[in-house]
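Below is one structure, written out as structure tokens; comments come after it.
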Amino acid sequence: MRVRGLLAAAFAAAIAAGDAAAALASGDRPSLGLRGGMALEETRSFTVEGDEFRKDGQPFRILSGSIHYFRIVPEYWRDRLERLKAMGLNTITVYVAWNWHELAKDEFDFESPARNLRGFLEMAADMDLYVILRPGPYICAEWDFGGLPPYILEDGPIKLRTMAEPYISHVTRFFSKLFPIVEPLLYVRHGGPILLVQVENEYGSFGNAKDNTDDKAYLKYLTRLNREHFGPETLLFTTDNEWG
């Protein structure tokens, strides 16, 4: 009888633990604020003060993991986001692979199921996950040509990832298509999931914005493009090293 009682207790505990794990995986936890309880527009903010982030004036800790939507069939997007959230993370970092969306020059696709970037970001928001957007134009990500479209090589030698033509014109055209798609998902401006936007990608390990005039002009130009679309209130960042 004692053994039977212990087994019954253990079984009940297992059910309770399973229910708790299921609740965790399904998002049954305090809301991050993307849905009910979101700050009013006039009080929304995301800033850096000292050594901490502040969201709507309160300390905020980013716990993030990276998901490459372009490597996952869309039928599994929600599953992967649920797994990330079940680990206790509250944010995803998202690269945008240029060559995934511009299949040939001037042929853009942001709407087919596997390339529906906005749909993926809205899915994250629906699950109370914030977003750190990394739109490139170069993303590395162990992705072919770092996400750059191969057609930019068709006209012969070209300088990449610096302030040079025709590269910079290609970048400007791509961003003119991409940025209006993600702009409505900014947190501060619209209450969407995007908290931060990266300028270029780990540029300090490639360029020399300190001493090279063209590299410095390139980062300034990308920053200006971001500001024109996302406004002064959106927090931009770069990923550098001690000499970048």
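Within each chain, counting starts at residue 1; across the structure tokens, chains are named A, B, ... in the order shown, with ligands numbered 1 upward in that order.
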
As a ChimeraX atom specification, please: the residues near segment 209-224 of chain A (cut-off 9 Å, only C-alpha atoms, same-chain neighbours under 5 positions excluded). /A:161-164,168,171-172,199-200,203-204,229,236,243-244

Report as a ChimeraX atom specification: the residues of segment 64-147 of chain A with a DSSP assignment of helix (DSSP H, G or I), based on the backbone of this structure. /A:69-71,74-86,98-101,113-115,117-126,144-147

Just to confirm, what's the straight-line distance from atom CA of Gly147 of chain A to atom CA of Ser112 of chain A in Å (one decimal)?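 Computing it gives 18.3 Å between the two atoms.
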
Counting only C-alpha atoms, which residue out of A:Pro113, A:Pro193, A:Pro166, A:Pro150 sits closest to Ala125 of chain A?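 Of all the options, A:Pro193 lies closest to Ala125 of chain A.
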
For atom CA of Val73 of chain A and atom CA of Asn116 of chain A, quote the distance in Å rounded to one decimal. 11.0 Å

List as a PDB file with N, CA, C and O atoms, in the first residue's frame the protein and nucleic acid residues near Trp100 of chain A, meaning an atom at most 12 Å away when only C-alpha atoms are counted, but skip any in the same chain fewer than 2 places from it.
```
ATOM      1  N   HIS A  68      17.209  32.194 -37.495  1.00  0.00           N
ATOM      2  CA  HIS A  68      17.323  32.533 -38.910  1.00  0.00           C
ATOM      3  C   HIS A  68      16.079  32.007 -39.624  1.00  0.00           C
ATOM      4  O   HIS A  68      16.024  30.836 -40.015  1.00  0.00           O
ATOM      5  N   TYR A  69      15.085  32.859 -39.786  1.00  0.00           N
ATOM      6  CA  TYR A  69      13.817  32.424 -40.387  1.00  0.00           C
ATOM      7  C   TYR A  69      14.029  31.856 -41.786  1.00  0.00           C
ATOM      8  O   TYR A  69      13.280  30.992 -42.242  1.00  0.00           O
ATOM      9  N   PHE A  70      15.058  32.335 -42.482  1.00  0.00           N
ATOM     10  CA  PHE A  70      15.291  31.888 -43.855  1.00  0.00           C
ATOM     11  C   PHE A  70      15.902  30.487 -43.912  1.00  0.00           C
ATOM     12  O   PHE A  70      16.053  29.916 -44.991  1.00  0.00           O
ATOM     13  N   ARG A  71      16.262  29.924 -42.763  1.00  0.00           N
ATOM     14  CA  ARG A  71      16.764  28.555 -42.701  1.00  0.00           C
ATOM     15  C   ARG A  71      15.701  27.571 -42.190  1.00  0.00           C
ATOM     16  O   ARG A  71      15.983  26.378 -42.041  1.00  0.00           O
ATOM     17  N   TYR A  95      18.462  38.251 -38.359  1.00  0.00           N
ATOM     18  CA  TYR A  95      19.112  38.723 -39.571  1.00  0.00           C
ATOM     19  C   TYR A  95      18.089  38.783 -40.704  1.00  0.00           C
ATOM     20  O   TYR A  95      17.150  37.979 -40.765  1.00  0.00           O
ATOM     21  N   VAL A  96      18.315  39.712 -41.641  1.00  0.00           N
ATOM     22  CA  VAL A  96      17.548  39.751 -42.879  1.00  0.00           C
ATOM     23  C   VAL A  96      18.515  39.447 -44.018  1.00  0.00           C
ATOM     24  O   VAL A  96      19.460  40.208 -44.256  1.00  0.00           O
ATOM     25  N   ALA A  97      18.293  38.324 -44.686  1.00  0.00           N
ATOM     26  CA  ALA A  97      19.178  37.916 -45.783  1.00  0.00           C
ATOM     27  C   ALA A  97      18.709  38.578 -47.073  1.00  0.00           C
ATOM     28  O   ALA A  97      17.686  38.198 -47.653  1.00  0.00           O
ATOM     29  N   TRP A  98      19.467  39.558 -47.525  1.00  0.00           N
ATOM     30  CA  TRP A  98      19.122  40.312 -48.734  1.00  0.00           C
ATOM     31  C   TRP A  98      18.860  39.375 -49.909  1.00  0.00           C
ATOM     32  O   TRP A  98      17.851  39.504 -50.609  1.00  0.00           O
ATOM     33  N   GLU A 102      15.671  39.401 -52.579  1.00  0.00           N
ATOM     34  CA  GLU A 102      15.833  39.923 -53.943  1.00  0.00           C
ATOM     35  C   GLU A 102      16.490  38.811 -54.763  1.00  0.00           C
ATOM     36  O   GLU A 102      17.708  38.682 -54.826  1.00  0.00           O
ATOM     37  N   LEU A 103      15.656  38.028 -55.412  1.00  0.00           N
ATOM     38  CA  LEU A 103      16.114  36.817 -56.085  1.00  0.00           C
ATOM     39  C   LEU A 103      16.855  37.136 -57.370  1.00  0.00           C
ATOM     40  O   LEU A 103      17.714  36.371 -57.817  1.00  0.00           O
ATOM     41  N   ALA A 104      16.527  38.245 -57.980  1.00  0.00           N
ATOM     42  CA  ALA A 104      17.223  38.792 -59.139  1.00  0.00           C
ATOM     43  C   ALA A 104      17.058  40.305 -59.044  1.00  0.00           C
ATOM     44  O   ALA A 104      16.228  40.794 -58.268  1.00  0.00           O
ATOM     45  N   GLU A 107      13.735  42.163 -58.408  1.00  0.00           N
ATOM     46  CA  GLU A 107      12.672  41.176 -58.195  1.00  0.00           C
ATOM     47  C   GLU A 107      12.627  40.821 -56.713  1.00  0.00           C
ATOM     48  O   GLU A 107      13.329  39.928 -56.239  1.00  0.00           O
ATOM     49  N   PHE A 108      11.796  41.541 -55.967  1.00  0.00           N
ATOM     50  CA  PHE A 108      11.730  41.402 -54.518  1.00  0.00           C
ATOM     51  C   PHE A 108      10.559  40.513 -54.113  1.00  0.00           C
ATOM     52  O   PHE A 108       9.494  40.542 -54.719  1.00  0.00           O
ATOM     53  N   ASP A 109      10.793  39.736 -53.073  1.00  0.00           N
ATOM     54  CA  ASP A 109       9.744  38.859 -52.539  1.00  0.00           C
ATOM     55  C   ASP A 109       9.779  38.916 -51.012  1.00  0.00           C
ATOM     56  O   ASP A 109      10.675  38.373 -50.375  1.00  0.00           O
ATOM     57  N   PHE A 110       8.794  39.595 -50.444  1.00  0.00           N
ATOM     58  CA  PHE A 110       8.620  39.640 -48.993  1.00  0.00           C
ATOM     59  C   PHE A 110       7.273  39.054 -48.581  1.00  0.00           C
ATOM     60  O   PHE A 110       6.848  39.237 -47.444  1.00  0.00           O
ATOM     61  N   GLU A 111       6.604  38.371 -49.517  1.00  0.00           N
ATOM     62  CA  GLU A 111       5.238  37.940 -49.249  1.00  0.00           C
ATOM     63  C   GLU A 111       5.017  36.438 -49.347  1.00  0.00           C
ATOM     64  O   GLU A 111       4.087  35.924 -48.709  1.00  0.00           O
ATOM     65  N   SER A 112       5.787  35.717 -50.140  1.00  0.00           N
ATOM     66  CA  SER A 112       5.568  34.273 -50.221  1.00  0.00           C
ATOM     67  C   SER A 112       5.843  33.657 -48.859  1.00  0.00           C
ATOM     68  O   SER A 112       6.578  34.230 -48.038  1.00  0.00           O
ATOM     69  N   ALA A 114       7.684  31.422 -47.273  1.00  0.00           N
ATOM     70  CA  ALA A 114       9.012  31.262 -46.697  1.00  0.00           C
ATOM     71  C   ALA A 114       9.763  32.581 -46.574  1.00  0.00           C
ATOM     72  O   ALA A 114      10.769  32.654 -45.856  1.00  0.00           O
ATOM     73  N   ARG A 115       9.266  33.624 -47.245  1.00  0.00           N
ATOM     74  CA  ARG A 115       9.964  34.912 -47.268  1.00  0.00           C
ATOM     75  C   ARG A 115       9.154  36.026 -46.620  1.00  0.00           C
ATOM     76  O   ARG A 115       9.484  37.201 -46.747  1.00  0.00           O
ATOM     77  N   ASN A 116       8.103  35.655 -45.910  1.00  0.00           N
ATOM     78  CA  ASN A 116       7.213  36.627 -45.288  1.00  0.00           C
ATOM     79  C   ASN A 116       7.823  37.136 -43.983  1.00  0.00           C
ATOM     80  O   ASN A 116       7.451  36.722 -42.878  1.00  0.00           O
ATOM     81  N   LEU A 117       8.783  38.029 -44.121  1.00  0.00           N
ATOM     82  CA  LEU A 117       9.497  38.551 -42.957  1.00  0.00           C
ATOM     83  C   LEU A 117       8.543  39.208 -41.971  1.00  0.00           C
ATOM     84  O   LEU A 117       8.625  38.972 -40.757  1.00  0.00           O
ATOM     85  N   PRO A 137      23.351  45.639 -44.669  1.00  0.00           N
ATOM     86  CA  PRO A 137      23.096  44.749 -45.805  1.00  0.00           C
ATOM     87  C   PRO A 137      23.902  43.438 -45.813  1.00  0.00           C
ATOM     88  O   PRO A 137      23.435  42.437 -46.343  1.00  0.00           O
ATOM     89  N   ILE A 139      25.310  40.271 -43.724  1.00  0.00           N
ATOM     90  CA  ILE A 139      24.928  39.666 -42.447  1.00  0.00           C
ATOM     91  C   ILE A 139      25.880  38.569 -41.977  1.00  0.00           C
ATOM     92  O   ILE A 139      25.762  38.116 -40.846  1.00  0.00           O
ATOM     93  N   TRP A 143      25.986  32.374 -44.236  1.00  0.00           N
ATOM     94  CA  TRP A 143      25.019  32.328 -45.328  1.00  0.00           C
ATOM     95  C   TRP A 143      25.726  32.753 -46.611  1.00  0.00           C
ATOM     96  O   TRP A 143      26.619  33.597 -46.583  1.00  0.00           O
ATOM     97  N   ASP A 144      25.336  32.179 -47.731  1.00  0.00           N
ATOM     98  CA  ASP A 144      26.013  32.423 -49.001  1.00  0.00           C
ATOM     99  C   ASP A 144      26.218  33.913 -49.268  1.00  0.00           C
ATOM    100  O   ASP A 144      25.260  34.695 -49.284  1.00  0.00           O
ATOM    101  N   PHE A 145      27.497  34.293 -49.476  1.00  0.00           N
ATOM    102  CA  PHE A 145      27.874  35.679 -49.800  1.00  0.00           C
ATOM    103  C   PHE A 145      27.416  36.653 -48.718  1.00  0.00           C
ATOM    104  O   PHE A 145      27.216  37.826 -48.985  1.00  0.00           O
ATOM    105  N   GLY A 146      27.259  36.153 -47.494  1.00  0.00           N
ATOM    106  CA  GLY A 146      26.844  37.016 -46.393  1.00  0.00           C
ATOM    107  C   GLY A 146      25.507  37.682 -46.618  1.00  0.00           C
ATOM    108  O   GLY A 146      25.207  38.729 -46.043  1.00  0.00           O
ATOM    109  N   GLY A 147      24.680  37.072 -47.474  1.00  0.00           N
ATOM    110  CA  GLY A 147      23.370  37.635 -47.766  1.00  0.00           C
ATOM    111  C   GLY A 147      23.345  38.580 -48.946  1.00  0.00           C
ATOM    112  O   GLY A 147      22.263  38.980 -49.385  1.00  0.00           O
ATOM    113  N   LEU A 148      24.499  38.965 -49.472  1.00  0.00           N
ATOM    114  CA  LEU A 148      24.515  39.876 -50.617  1.00  0.00           C
ATOM    115  C   LEU A 148      24.048  39.128 -51.863  1.00  0.00           C
ATOM    116  O   LEU A 148      24.381  37.959 -52.063  1.00  0.00           O
ATOM    117  N   PRO A 149      23.290  39.787 -52.731  1.00  0.00           N
ATOM    118  CA  PRO A 149      22.796  39.106 -53.934  1.00  0.00           C
ATOM    119  C   PRO A 149      23.899  38.975 -54.978  1.00  0.00           C
ATOM    120  O   PRO A 149      24.673  39.911 -55.203  1.00  0.00           O
ATOM    121  N   PRO A 150      24.004  37.842 -55.637  1.00  0.00           N
ATOM    122  CA  PRO A 150      25.106  37.625 -56.578  1.00  0.00           C
ATOM    123  C   PRO A 150      25.084  38.533 -57.793  1.00  0.00           C
ATOM    124  O   PRO A 150      26.132  38.757 -58.408  1.00  0.00           O
ATOM    125  N   PHE A 174      17.725  48.320 -51.925  1.00  0.00           N
ATOM    126  CA  PHE A 174      17.225  47.237 -51.067  1.00  0.00           C
ATOM    127  C   PHE A 174      16.575  47.787 -49.804  1.00  0.00           C
ATOM    128  O   PHE A 174      15.459  47.388 -49.437  1.00  0.00           O
ATOM    129  N   LEU A 178      12.959  47.250 -47.984  1.00  0.00           N
ATOM    130  CA  LEU A 178      12.887  46.545 -46.698  1.00  0.00           C
ATOM    131  C   LEU A 178      12.355  47.423 -45.567  1.00  0.00           C
ATOM    132  O   LEU A 178      11.466  46.993 -44.811  1.00  0.00           O
TER     133      LEU A 178
END
```

From the set A:Leu129, A:Leu121, A:Leu235, A:Ile62, which residue has the shortest atom-to-atom contact distance to Ala86 of chain A, counting only C-alpha atoms?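 When distances to Ala86 of chain A are compared using only C-alpha atoms, the smallest one comes from A:Leu129.
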
Which distance in Å separates atom CA of Pro74 of chain A and atom CA of Phe120 of chain A, to one decimal? 8.2 Å
